[in-house]
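**Q** Below you'll find the structure I mean.
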Number of protein chains: 2
Amino acid sequence: MKIIDKIDKMKTHARIIKKGNKLLGFVPTMGYLHEGHLSLIRAARKQSDVVTVSIFVNPIQFGQNEDYKKYPRDMQRDEELLKNYGVDILFYPEKKDMYPADFSTYVNVEKLTDGLCGKSRVGHFRGVTTVLVKLFEIIKPDIAYFGQKDAQQAFVIKKMIKDLNMDITMKILPTVREADGLAMSSRNTYLTGTLRKDAGLLNRSLILAADLVRSGEKDAKKIIKSIKDFLLASPNIKIDYIAITDTKELRDIAVVRGETLVAVSAFVGKTRLIDNVIINEKKAQENWKYDGLLSGRQAV
Amino acid sequence: MKIIDKIDKMKTHARIIKKGNKLLGFVPTMGYLHEGHLSLIRAARKQSDVVTVSIFVNPIQFGQNEDYKKYPRDMQRDEELLKNYGVDILFYPEKKDMYPADFSTYVNVEKLTDGLCGKSRVGHFRGVTTVLVKLFEIIKPDIAYFGQKDAQQAFVIKKMIKDLNMDITMKILPTVREADGLAMSSRNTYLTGTLRKDAGLLNRSLILAADLVRSGEKDAKKIIKSIKDFLLASPNIKIDYIAITDTKELRDIAVVRGETLVAVSAFVGKTRLIDNVIINEKKAQENWKYDGLLSGRQAV
């Protein structure tokens, strides 16, 4: 595995790969890798000739009161994992090279970023789309891999790629979960004792919502109320938002109809967690288990 | 000359060119071509293997009260000119393809766009940088050509290319002028009679400023006052701004020192015109004529 920390070196390398007509798969990460990341890397390994993984804790996607500084990092372990998974290139640029003092260009997807996580994390998605345009320019991927866990992020990136006419195929893979259903996240490391146990309730609340839809409930308000009551039974949980939206513009809907996103964000102790499920009301009977609601680890 | 109006077709074509290891030169324009554009095309023809020119009157860089609808267009004449200049590809996409109804992704360079034209044309540069990222993604140029006439635009694009790590060499060519010094612009077609004559005063006011610096004047306020008095002698001229700034951050400076931008924007009748000169105070004696102050047409 080639380890590259300089932007220019990565660019030169990417150019050589492109000239060789190789298919370049790319998995952008902030490190502290878990099974969710590894499922993306496995898919990239299968579907492309050269696999590049980036590790960069992107400062501009963190709010002032968020956890940029204490975000978990373990480079040595990550390197080992990536080697074992047959990754070709690990790109981990430095903050000072990605954002020199005079940096001032931002990419922003409007509207889609107004609600859900965008509401409580102002500027977050602007940070995500900006760093991705940079990484895409540097790494020049043909395929880029993302997880369904960050549902809004996936929608936003898809929109950006389309709007900016980028030649990148985006693959969104199902959320990988712990045995109790908790969506894998680097931030789960913050959870200890009871908090870890309570964190599993987020997934359970989504299963509850899917069950309600399956049994014929279509009133979004009622479903949201059920999720809320279920979560607030735990004194450790503080709800950030519970949203039921369409899957095109991510706008709140009153009545569940067709493909629907149910998304939850809550603080478990001091740790903000998110989870979501996409329900197809028309096919709720057959495939409600399909869209990331399965407990346990999922094979890719 | 290949004429392409569909984004996907242009992309496919650009991919083929890149695979052939050809150097791709690109001149983005809004059409109604003049000697300024043609000087860029001549340079591109000399310096690259394949020359693509785009013609697209970009709606999102026009303000609500600006001249998007009446902006001059003459596709037939432009096509003839481009053929004669040995252009390989003319790309002229349609508005509905560049900006579908749900378009919502914007690229913005902050700070550099706050002053000068950015002040009176809010959102203008955001429109320019957004369309350019799209065109760059579609056309995949190695070299892109711009005119010094739009000085702030050149600074902004240069910054965007750097900040977003784009693999594009930017070439900025000197302003091409009419015999009386008026900077070439498609909008000059709006000027008739006395107004056309008065328009020449913009360049004359910059020559005046350069002369002042050459004779030892370093007080920006005094130089601005001289430009102002000179221009306002004509009742047809209304000043938008007169600015003296550094050439890094485009911030107003009080004392002319080193490389300095003197930029003027004024309405001549109802037509907004801009012009500028870069003066190197230390070398004012030798090279004041170099940076676009020459009257008459300049060879590339």
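Identifiers in this document derive from the order of the structure tokens: chains are assigned A, B, ..., residues are numbered from 1 separately in each chain, and ligands are numbered from 1 in order of occurrence.
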Would you write out chain A as a JSON list (two decimals) with C-alpha atoms, in the first residue's frame, after superposing it on chain B by least squares over all in-order Cα pairs?
**A**
```json
[["chain", "number", "residue", "atom", "x", "y", "z"],
["A", 1, "MET", "CA", -15.13, 22.53, -36.44],
["A", 2, "LYS", "CA", -17.33, 20.26, -34.36],
["A", 3, "ILE", "CA", -20.37, 21.98, -32.92],
["A", 4, "ILE", "CA", -21.73, 20.36, -29.77],
["A", 5, "ASP", "CA", -24.78, 21.47, -27.83],
["A", 6, "LYS", "CA", -25.32, 18.52, -25.51],
["A", 7, "ILE", "CA", -23.42, 18.16, -22.24],
["A", 8, "ASP", "CA", -23.07, 14.37, -22.44],
["A", 9, "LYS", "CA", -21.77, 14.51, -25.98],
["A", 10, "MET", "CA", -19.20, 17.12, -25.01],
["A", 11, "LYS", "CA", -18.12, 15.00, -22.04],
["A", 12, "THR", "CA", -17.67, 11.91, -24.18],
["A", 13, "HIS", "CA", -15.68, 13.93, -26.66],
["A", 14, "ALA", "CA", -13.48, 15.45, -23.95],
["A", 15, "ARG", "CA", -12.79, 11.98, -22.55],
["A", 16, "ILE", "CA", -11.62, 10.77, -25.95],
["A", 17, "ILE", "CA", -9.32, 13.79, -26.31],
["A", 18, "LYS", "CA", -7.83, 13.19, -22.86],
["A", 19, "LYS", "CA", -7.18, 9.54, -23.64],
["A", 20, "GLY", "CA", -5.27, 10.61, -26.74],
["A", 21, "ASN", "CA", -2.88, 12.61, -24.53],
["A", 22, "LYS", "CA", -3.75, 15.84, -26.32],
["A", 23, "LEU", "CA", -3.37, 19.18, -24.60],
["A", 24, "LEU", "CA", -6.80, 20.77, -24.34],
["A", 25, "GLY", "CA", -7.09, 24.57, -24.48],
["A", 26, "PHE", "CA", -10.38, 26.17, -23.48],
["A", 27, "VAL", "CA", -11.77, 29.65, -23.99],
["A", 28, "PRO", "CA", -15.08, 30.19, -22.15],
["A", 29, "THR", "CA", -17.15, 33.04, -23.63],
["A", 30, "MET", "CA", -20.65, 34.47, -23.66],
["A", 31, "GLY", "CA", -20.41, 34.92, -27.42],
["A", 32, "TYR", "CA", -20.72, 38.07, -29.53],
["A", 33, "LEU", "CA", -17.02, 37.66, -30.04],
["A", 34, "HIS", "CA", -14.60, 40.56, -30.34],
["A", 35, "GLU", "CA", -10.85, 40.99, -30.67],
["A", 36, "GLY", "CA", -10.43, 40.32, -26.95],
["A", 37, "HIS", "CA", -11.89, 36.82, -27.31],
["A", 38, "LEU", "CA", -9.97, 36.26, -30.53],
["A", 39, "SER", "CA", -6.66, 37.07, -28.86],
["A", 40, "LEU", "CA", -7.42, 34.33, -26.31],
["A", 41, "ILE", "CA", -8.31, 31.90, -29.09],
["A", 42, "ARG", "CA", -5.12, 32.68, -30.99],
["A", 43, "ALA", "CA", -3.11, 31.96, -27.85],
["A", 44, "ALA", "CA", -5.02, 28.70, -27.26],
["A", 45, "ARG", "CA", -4.45, 27.69, -30.90],
["A", 46, "LYS", "CA", -0.70, 28.22, -30.49],
["A", 47, "GLN", "CA", -0.36, 26.56, -27.10],
["A", 48, "SER", "CA", -2.63, 23.52, -27.22],
["A", 49, "ASP", "CA", -3.53, 20.57, -29.46],
["A", 50, "VAL", "CA", -7.29, 20.85, -29.27],
["A", 51, "VAL", "CA", -9.09, 24.18, -28.82],
["A", 52, "THR", "CA", -12.61, 24.28, -27.38],
["A", 53, "VAL", "CA", -14.58, 27.51, -27.19],
["A", 54, "SER", "CA", -17.83, 27.66, -25.25],
["A", 55, "ILE", "CA", -20.57, 30.15, -25.94],
["A", 56, "PHE", "CA", -23.08, 30.37, -23.13],
["A", 57, "VAL", "CA", -24.76, 33.48, -21.80],
["A", 58, "ASN", "CA", -24.75, 32.37, -18.20],
["A", 59, "PRO", "CA", -27.98, 33.51, -16.54],
["A", 60, "ILE", "CA", -26.82, 33.08, -12.93],
["A", 61, "GLN", "CA", -24.06, 35.66, -13.25],
["A", 62, "PHE", "CA", -26.55, 38.40, -14.14],
["A", 63, "GLY", "CA", -28.37, 40.36, -11.46],
["A", 64, "GLN", "CA", -32.14, 40.80, -11.62],
["A", 65, "ASN", "CA", -31.87, 44.31, -13.03],
["A", 66, "GLU", "CA", -29.04, 43.50, -15.40],
["A", 67, "ASP", "CA", -28.96, 42.85, -19.12],
["A", 68, "TYR", "CA", -29.29, 39.04, -19.39],
["A", 69, "LYS", "CA", -32.16, 39.25, -21.84],
["A", 70, "LYS", "CA", -30.76, 41.94, -24.06],
["A", 71, "TYR", "CA", -27.13, 40.76, -23.88],
["A", 72, "PRO", "CA", -25.99, 40.78, -27.53],
["A", 73, "ARG", "CA", -26.02, 37.46, -29.37],
["A", 74, "ASP", "CA", -24.97, 36.58, -32.95],
["A", 75, "MET", "CA", -24.40, 32.87, -33.25],
["A", 76, "GLN", "CA", -23.96, 32.78, -36.99],
["A", 77, "ARG", "CA", -21.21, 35.40, -37.01],
["A", 78, "ASP", "CA", -19.52, 33.76, -33.99],
["A", 79, "GLU", "CA", -19.53, 30.36, -35.71],
["A", 80, "GLU", "CA", -17.92, 31.82, -38.82],
["A", 81, "LEU", "CA", -15.23, 33.55, -36.77],
["A", 82, "LEU", "CA", -14.43, 30.43, -34.77],
["A", 83, "LYS", "CA", -14.13, 28.34, -37.94],
["A", 84, "ASN", "CA", -11.74, 30.88, -39.42],
["A", 85, "TYR", "CA", -9.63, 30.85, -36.30],
["A", 86, "GLY", "CA", -9.16, 27.09, -36.46],
["A", 87, "VAL", "CA", -11.17, 26.24, -33.36],
["A", 88, "ASP", "CA", -11.76, 22.49, -33.04],
["A", 89, "ILE", "CA", -14.90, 22.41, -30.91],
["A", 90, "LEU", "CA", -17.63, 24.93, -30.28],
["A", 91, "PHE", "CA", -19.65, 23.99, -27.21],
["A", 92, "TYR", "CA", -22.89, 25.88, -26.78],
["A", 93, "PRO", "CA", -25.13, 24.23, -24.24],
["A", 94, "GLU", "CA", -28.70, 25.19, -23.58],
["A", 95, "LYS", "CA", -29.81, 26.94, -20.43],
["A", 96, "LYS", "CA", -32.27, 24.17, -19.56],
["A", 97, "ASP", "CA", -29.48, 21.58, -19.65],
["A", 98, "MET", "CA", -26.98, 23.67, -17.68],
["A", 99, "TYR", "CA", -29.54, 24.68, -15.07],
["A", 100, "PRO", "CA", -32.40, 22.20, -14.74],
["A", 101, "ALA", "CA", -35.31, 23.41, -12.60],
["A", 102, "ASP", "CA", -33.93, 21.79, -9.43],
["A", 103, "PHE", "CA", -30.38, 23.10, -9.83],
["A", 104, "SER", "CA", -29.03, 24.14, -6.41],
["A", 105, "THR", "CA", -25.23, 23.76, -6.16],
["A", 106, "TYR", "CA", -23.06, 26.86, -6.10],
["A", 107, "VAL", "CA", -19.34, 27.51, -5.89],
["A", 108, "ASN", "CA", -18.36, 30.71, -4.13],
["A", 109, "VAL", "CA", -15.03, 32.41, -3.56],
["A", 110, "GLU", "CA", -15.35, 34.52, -0.44],
["A", 111, "LYS", "CA", -13.49, 37.74, 0.50],
["A", 112, "LEU", "CA", -12.00, 38.42, -2.97],
["A", 113, "THR", "CA", -15.56, 38.90, -4.23],
["A", 114, "ASP", "CA", -16.62, 41.38, -1.54],
["A", 115, "GLY", "CA", -15.30, 44.57, -3.11],
["A", 116, "LEU", "CA", -15.07, 46.16, -6.56],
["A", 117, "CYS", "CA", -17.60, 44.62, -8.97],
["A", 118, "GLY", "CA", -18.74, 42.17, -6.28],
["A", 119, "LYS", "CA", -20.17, 45.05, -4.29],
["A", 120, "SER", "CA", -22.48, 46.37, -6.99],
["A", 121, "ARG", "CA", -23.10, 43.00, -8.64],
["A", 122, "VAL", "CA", -24.10, 40.76, -5.72],
["A", 123, "GLY", "CA", -23.95, 37.08, -6.70],
["A", 124, "HIS", "CA", -22.20, 37.82, -9.99],
["A", 125, "PHE", "CA", -18.95, 36.03, -9.18],
["A", 126, "ARG", "CA", -20.77, 33.12, -7.60],
["A", 127, "GLY", "CA", -22.45, 32.71, -10.98],
["A", 128, "VAL", "CA", -19.13, 32.90, -12.79],
["A", 129, "THR", "CA", -17.32, 30.38, -10.57],
["A", 130, "THR", "CA", -20.28, 27.98, -10.59],
["A", 131, "VAL", "CA", -20.60, 27.91, -14.36],
["A", 132, "LEU", "CA", -16.84, 27.54, -14.73],
["A", 133, "VAL", "CA", -16.67, 24.51, -12.44],
["A", 134, "LYS", "CA", -19.42, 22.98, -14.56],
["A", 135, "LEU", "CA", -17.67, 23.84, -17.83],
["A", 136, "PHE", "CA", -14.34, 22.57, -16.48],
["A", 137, "GLU", "CA", -15.96, 19.26, -15.50],
["A", 138, "ILE", "CA", -17.58, 18.91, -18.90],
["A", 139, "ILE", "CA", -14.68, 20.07, -21.10],
["A", 140, "LYS", "CA", -11.74, 18.95, -18.91],
["A", 141, "PRO", "CA", -9.28, 21.59, -20.13],
["A", 142, "ASP", "CA", -5.56, 21.60, -19.37],
["A", 143, "ILE", "CA", -5.31, 25.34, -20.04],
["A", 144, "ALA", "CA", -8.08, 27.94, -19.72],
["A", 145, "TYR", "CA", -7.84, 31.48, -21.10],
["A", 146, "PHE", "CA", -9.18, 34.71, -19.64],
["A", 147, "GLY", "CA", -8.78, 38.42, -20.29],
["A", 148, "GLN", "CA", -7.16, 40.97, -17.98],
["A", 149, "LYS", "CA", -10.06, 43.33, -18.65],
["A", 150, "ASP", "CA", -12.11, 41.43, -16.07],
["A", 151, "ALA", "CA", -9.36, 41.81, -13.49],
["A", 152, "GLN", "CA", -11.32, 40.79, -10.42],
["A", 153, "GLN", "CA", -12.81, 37.83, -12.28],
["A", 154, "ALA", "CA", -9.29, 36.68, -13.14],
["A", 155, "PHE", "CA", -8.19, 36.93, -9.50],
["A", 156, "VAL", "CA", -11.30, 35.07, -8.33],
["A", 157, "ILE", "CA", -10.93, 32.23, -10.83],
["A", 158, "LYS", "CA", -7.24, 31.85, -10.05],
["A", 159, "LYS", "CA", -8.12, 31.55, -6.37],
["A", 160, "MET", "CA", -10.84, 29.01, -7.04],
["A", 161, "ILE", "CA", -8.54, 26.83, -9.14],
["A", 162, "LYS", "CA", -5.95, 26.90, -6.36],
["A", 163, "ASP", "CA", -8.38, 26.35, -3.47],
["A", 164, "LEU", "CA", -10.20, 23.47, -5.17],
["A", 165, "ASN", "CA", -6.93, 21.84, -6.30],
["A", 166, "MET", "CA", -7.94, 21.90, -9.95],
["A", 167, "ASP", "CA", -5.47, 20.66, -12.56],
["A", 168, "ILE", "CA", -5.91, 23.66, -14.80],
["A", 169, "THR", "CA", -3.33, 26.17, -15.93],
["A", 170, "MET", "CA", -4.89, 29.59, -16.16],
["A", 171, "LYS", "CA", -3.62, 32.11, -18.68],
["A", 172, "ILE", "CA", -4.56, 35.76, -18.37],
["A", 173, "LEU", "CA", -4.02, 37.83, -21.51],
["A", 174, "PRO", "CA", -3.75, 41.61, -21.83],
["A", 175, "THR", "CA", -6.82, 43.69, -22.48],
["A", 176, "VAL", "CA", -7.40, 44.36, -26.17],
["A", 177, "ARG", "CA", -8.47, 47.92, -26.93],
["A", 178, "GLU", "CA", -10.06, 50.05, -29.61],
["A", 179, "ALA", "CA", -7.96, 52.81, -31.20],
["A", 180, "ASP", "CA", -9.03, 55.33, -28.53],
["A", 181, "GLY", "CA", -8.16, 52.93, -25.72],
["A", 182, "LEU", "CA", -11.67, 51.65, -24.95],
["A", 183, "ALA", "CA", -11.38, 48.07, -23.66],
["A", 184, "MET", "CA", -13.08, 45.61, -26.01],
["A", 185, "SER", "CA", -16.36, 44.31, -24.63],
["A", 186, "SER", "CA", -19.48, 42.78, -26.12],
["A", 187, "ARG", "CA", -21.40, 45.47, -24.27],
["A", 188, "ASN", "CA", -19.68, 48.21, -26.30],
["A", 189, "THR", "CA", -22.36, 47.52, -28.90],
["A", 190, "TYR", "CA", -24.78, 49.38, -26.61],
["A", 191, "LEU", "CA", -22.75, 52.58, -27.04],
["A", 192, "THR", "CA", -23.71, 55.03, -29.76],
["A", 193, "GLY", "CA", -22.72, 58.58, -30.70],
["A", 194, "THR", "CA", -21.37, 60.69, -27.83],
["A", 195, "LEU", "CA", -21.59, 57.76, -25.43],
["A", 196, "ARG", "CA", -19.14, 55.78, -27.51],
["A", 197, "LYS", "CA", -16.77, 58.73, -27.46],
["A", 198, "ASP", "CA", -17.14, 59.22, -23.70],
["A", 199, "ALA", "CA", -16.48, 55.53, -23.09],
["A", 200, "GLY", "CA", -12.89, 56.11, -24.19],
["A", 201, "LEU", "CA", -12.42, 58.30, -21.12],
["A", 202, "LEU", "CA", -12.26, 55.28, -18.81],
["A", 203, "ASN", "CA", -8.96, 54.19, -20.30],
["A", 204, "ARG", "CA", -7.75, 57.80, -20.38],
["A", 205, "SER", "CA", -8.48, 58.11, -16.65],
["A", 206, "LEU", "CA", -6.30, 55.07, -15.97],
["A", 207, "ILE", "CA", -3.47, 56.51, -18.06],
["A", 208, "LEU", "CA", -3.84, 59.63, -15.94],
["A", 209, "ALA", "CA", -3.54, 57.54, -12.78],
["A", 210, "ALA", "CA", -0.47, 55.73, -14.10],
["A", 211, "ASP", "CA", 1.09, 59.08, -15.04],
["A", 212, "LEU", "CA", 0.49, 60.36, -11.53],
["A", 213, "VAL", "CA", 2.20, 57.32, -10.01],
["A", 214, "ARG", "CA", 5.03, 57.72, -12.48],
["A", 215, "SER", "CA", 5.52, 61.30, -11.39],
["A", 216, "GLY", "CA", 5.73, 60.22, -7.75],
["A", 217, "GLU", "CA", 2.16, 60.44, -6.40],
["A", 218, "LYS", "CA", 1.50, 57.59, -3.96],
["A", 219, "ASP", "CA", -1.57, 58.80, -2.11],
["A", 220, "ALA", "CA", -4.44, 56.57, -3.26],
["A", 221, "LYS", "CA", -7.09, 59.08, -2.22],
["A", 222, "LYS", "CA", -5.54, 61.81, -4.35],
["A", 223, "ILE", "CA", -5.22, 59.52, -7.35],
["A", 224, "ILE", "CA", -8.84, 58.40, -6.99],
["A", 225, "LYS", "CA", -9.91, 62.05, -6.74],
["A", 226, "SER", "CA", -8.07, 62.84, -9.98],
["A", 227, "ILE", "CA", -9.74, 59.92, -11.80],
["A", 228, "LYS", "CA", -13.10, 60.98, -10.45],
["A", 229, "ASP", "CA", -12.74, 64.63, -11.48],
["A", 230, "PHE", "CA", -11.54, 63.58, -14.90],
["A", 231, "LEU", "CA", -14.49, 61.24, -15.50],
["A", 232, "LEU", "CA", -17.18, 63.46, -14.04],
["A", 233, "ALA", "CA", -16.25, 66.21, -16.49],
["A", 234, "SER", "CA", -18.52, 64.25, -18.83],
["A", 235, "PRO", "CA", -22.22, 64.53, -17.94],
["A", 236, "ASN", "CA", -22.85, 61.08, -19.45],
["A", 237, "ILE", "CA", -20.65, 59.26, -16.94],
["A", 238, "LYS", "CA", -21.84, 57.98, -13.56],
["A", 239, "ILE", "CA", -19.15, 56.32, -11.45],
["A", 240, "ASP", "CA", -19.83, 52.91, -9.91],
["A", 241, "TYR", "CA", -16.44, 52.65, -8.19],
["A", 242, "ILE", "CA", -12.84, 53.73, -8.46],
["A", 243, "ALA", "CA", -10.56, 51.45, -6.48],
["A", 244, "ILE", "CA", -6.87, 51.17, -5.77],
["A", 245, "THR", "CA", -6.00, 47.82, -4.24],
["A", 246, "ASP", "CA", -3.20, 45.35, -3.66],
["A", 247, "THR", "CA", -3.03, 42.48, -6.16],
["A", 248, "LYS", "CA", -3.28, 39.65, -3.63],
["A", 249, "GLU", "CA", -6.43, 40.18, -1.61],
["A", 250, "LEU", "CA", -7.84, 43.09, -3.63],
["A", 251, "ARG", "CA", -8.07, 45.23, -0.51],
["A", 252, "ASP", "CA", -8.17, 49.02, -0.73],
["A", 253, "ILE", "CA", -4.80, 50.54, 0.00],
["A", 254, "ALA", "CA", -3.99, 54.05, 1.16],
["A", 255, "VAL", "CA", -0.50, 54.25, -0.28],
["A", 256, "VAL", "CA", 0.57, 52.91, -3.66],
["A", 257, "ARG", "CA", 3.41, 50.48, -3.05],
["A", 258, "GLY", "CA", 4.69, 47.63, -5.22],
["A", 259, "GLU", "CA", 2.16, 45.94, -7.52],
["A", 260, "THR", "CA", -1.12, 47.81, -7.45],
["A", 261, "LEU", "CA", -4.48, 47.44, -9.19],
["A", 262, "VAL", "CA", -6.29, 50.56, -10.28],
["A", 263, "ALA", "CA", -9.82, 49.63, -11.33],
["A", 264, "VAL", "CA", -12.69, 51.72, -12.59],
["A", 265, "SER", "CA", -16.33, 50.92, -13.17],
["A", 266, "ALA", "CA", -18.72, 53.49, -14.55],
["A", 267, "PHE", "CA", -22.00, 53.79, -16.32],
["A", 268, "VAL", "CA", -21.69, 55.52, -19.65],
["A", 269, "GLY", "CA", -25.29, 56.33, -20.34],
["A", 270, "LYS", "CA", -26.98, 53.13, -19.19],
["A", 271, "THR", "CA", -24.06, 50.86, -20.05],
["A", 272, "ARG", "CA", -21.84, 49.70, -17.21],
["A", 273, "LEU", "CA", -18.21, 49.46, -18.31],
["A", 274, "ILE", "CA", -15.09, 48.37, -16.46],
["A", 275, "ASP", "CA", -11.39, 48.85, -17.03],
["A", 276, "ASN", "CA", -8.23, 48.46, -15.01],
["A", 277, "VAL", "CA", -4.49, 48.69, -14.97],
["A", 278, "ILE", "CA", -1.88, 46.98, -12.87],
["A", 279, "ILE", "CA", 0.88, 49.41, -11.95],
["A", 280, "ASN", "CA", 4.14, 48.39, -10.42],
["A", 281, "GLU", "CA", 5.05, 51.50, -8.48],
["A", 282, "LYS", "CA", 8.70, 50.45, -8.27],
["A", 283, "LYS", "CA", 8.99, 49.97, -11.99],
["A", 284, "ALA", "CA", 6.55, 52.66, -13.04],
["A", 285, "GLN", "CA", 9.18, 54.32, -15.17],
["A", 286, "GLU", "CA", 9.98, 51.40, -17.41],
["A", 287, "ASN", "CA", 6.88, 49.34, -17.80],
["A", 288, "TRP", "CA", 3.81, 51.42, -17.17],
["A", 289, "LYS", "CA", 2.74, 50.69, -20.71],
["A", 290, "TYR", "CA", 3.00, 46.95, -20.23],
["A", 291, "ASP", "CA", -0.08, 46.05, -18.26],
["A", 292, "GLY", "CA", -2.86, 46.70, -20.67],
["A", 293, "LEU", "CA", -2.68, 50.46, -20.92],
["A", 294, "LEU", "CA", -1.63, 50.51, -24.54],
["A", 295, "SER", "CA", -4.05, 52.00, -26.94],
["A", 296, "GLY", "CA", -5.01, 50.09, -30.02],
["A", 297, "ARG", "CA", -5.14, 46.38, -30.65],
["A", 298, "GLN", "CA", -2.45, 44.27, -29.13],
["A", 299, "ALA", "CA", -0.87, 41.27, -30.74],
["A", 300, "VAL", "CA", -0.69, 38.16, -28.56]]
```
**Q** When DSSP works through the backbone of this structure, what residues of segment 3-219 of chain A end up as strand (DSSP E or B), shown as JSON, numbers by chain?
**A** {"A": [3, 4, 24, 25, 26, 27, 28, 29, 50, 51, 52, 53, 54, 55, 89, 90, 91, 105, 106, 107, 108, 109, 143, 144, 145, 146, 147, 169, 170, 171, 172, 173, 177, 183, 219]}
